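Below is one structure; the comments refer to it alone.
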Amino acid sequence: MHVQEWLETVPAVSIYILVGVVIGVESLGIPLPGEIILISAALLASQNGEIDPFILGACATTGAIVGDSIGYAIGRKGGRPLLAWLGKKFPRHFSEAHIATAERSFQKWGMWAVFFGRFVALLRIFAGPLAGVLRMPYWKFAVANVFGGVLWAGGTTAVIYYIGVVAESWLKKFSWAGLALAVAIGLASMLYVKRRTKKAHSAARAAETLPPPVAAE
């Protein structure tokens, strides 16, 4: 069963709680499909009058901020052994290469890595725990966490909700399959752009690690 089809069978209150908990646990450092759940719930809200988009956005924002804060505290207390433990439990997400990439981002961008990390799946999982492990000052982390959480969770909810409202008015002559196709095309485009960006980033990193050319004598 598709995520959205399953959400249609769940009461509104349960959806609010589910979105907040899943996003919170993901922000805590455990890989979960928080973005997929949020997008599906926001799209459902645009078609279901029982789901309030403002409450949905508030729950998603709260989950993001609280989850990241707990992740920061755990990372600060657990240190690097925590990353090693996560690497054993979730090798696909917490491999040494991924940790090294995230750490370079934090060392280069500092609190901005926490802020913009909200919009990148990998950094969204790493942000809280890694900020704690690297001993980022809490006030910097808190500012970036709050503003990043509000913009990502609230912004995603608002954008997807209004896309769903507009799409419904355009697709009244079509079945839900038409709407699903439009959303699939949008998500595919987003994933394609992310993949191209990731490849460009990897190429740039590889170029930085190449040794300088040896001058001819």
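Quick note on naming: the chains in the structure tokens go A, B, ... in the order shown, residues restart at 1 in each chain, and ligands are numbered from 1 in order of appearance.
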
Which residues are close to Gly110 in chain A, i.e. within 9 Å by only C-alpha atoms, leaving aside same-chain residues fewer than 4 positions away? Reply as a list of chain:residue names.
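Within the cut-off, the hits are A:Ser105, A:Phe106, A:Val114, A:Ala131, A:Met136, A:Lys140, A:Phe141.
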
Same residues, N, CA and C atoms, saved as a PDB file, in the first residue's frame:
```pdb
ATOM      1  N   SER A 105      31.731  19.279   5.840  1.00  0.00           N
ATOM      2  CA  SER A 105      30.717  20.317   5.682  1.00  0.00           C
ATOM      3  C   SER A 105      30.574  21.130   6.959  1.00  0.00           C
ATOM      4  N   PHE A 106      30.606  20.461   8.115  1.00  0.00           N
ATOM      5  CA  PHE A 106      30.473  21.162   9.388  1.00  0.00           C
ATOM      6  C   PHE A 106      31.689  22.037   9.664  1.00  0.00           C
ATOM      7  N   VAL A 114      24.089  23.073   9.782  1.00  0.00           N
ATOM      8  CA  VAL A 114      22.879  22.632  10.487  1.00  0.00           C
ATOM      9  C   VAL A 114      21.647  23.202   9.798  1.00  0.00           C
ATOM     10  N   ALA A 131      26.794  17.673  15.258  1.00  0.00           N
ATOM     11  CA  ALA A 131      27.038  18.967  15.887  1.00  0.00           C
ATOM     12  C   ALA A 131      27.441  18.776  17.344  1.00  0.00           C
ATOM     13  N   MET A 136      29.944  21.828  18.783  1.00  0.00           N
ATOM     14  CA  MET A 136      29.482  23.143  18.328  1.00  0.00           C
ATOM     15  C   MET A 136      28.814  23.860  19.491  1.00  0.00           C
ATOM     16  N   LYS A 140      24.747  28.471  18.905  1.00  0.00           N
ATOM     17  CA  LYS A 140      24.820  28.460  17.448  1.00  0.00           C
ATOM     18  C   LYS A 140      23.954  27.341  16.884  1.00  0.00           C
ATOM     19  N   PHE A 141      24.071  26.166  17.509  1.00  0.00           N
ATOM     20  CA  PHE A 141      23.272  25.039  17.053  1.00  0.00           C
ATOM     21  C   PHE A 141      21.787  25.337  17.190  1.00  0.00           C
TER      22      PHE A 141
END
```

Shell of 9 Å around range 64-71 of chain A, only C-alpha atoms, local chain residues under 5 positions omitted, as a VMD selection string:
chain A and resid 20 to 21 23 to 29 59 76 118 124 to 132 141 to 142 145 to 150 152 to 153

As a VMD selection string, please: all residues of range 21-65 of chain A that backbone DSSP puts in alpha helix (DSSP H).
chain A and resid 21 to 28 34 to 47 53 to 65

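Of the residues listed (A:Ala144, A:Leu44, A:Ile160, A:Ala97), A:Leu44 shows the shortest atom-to-atom separation from Ile15 in chain A; distances use only C-alpha atoms.
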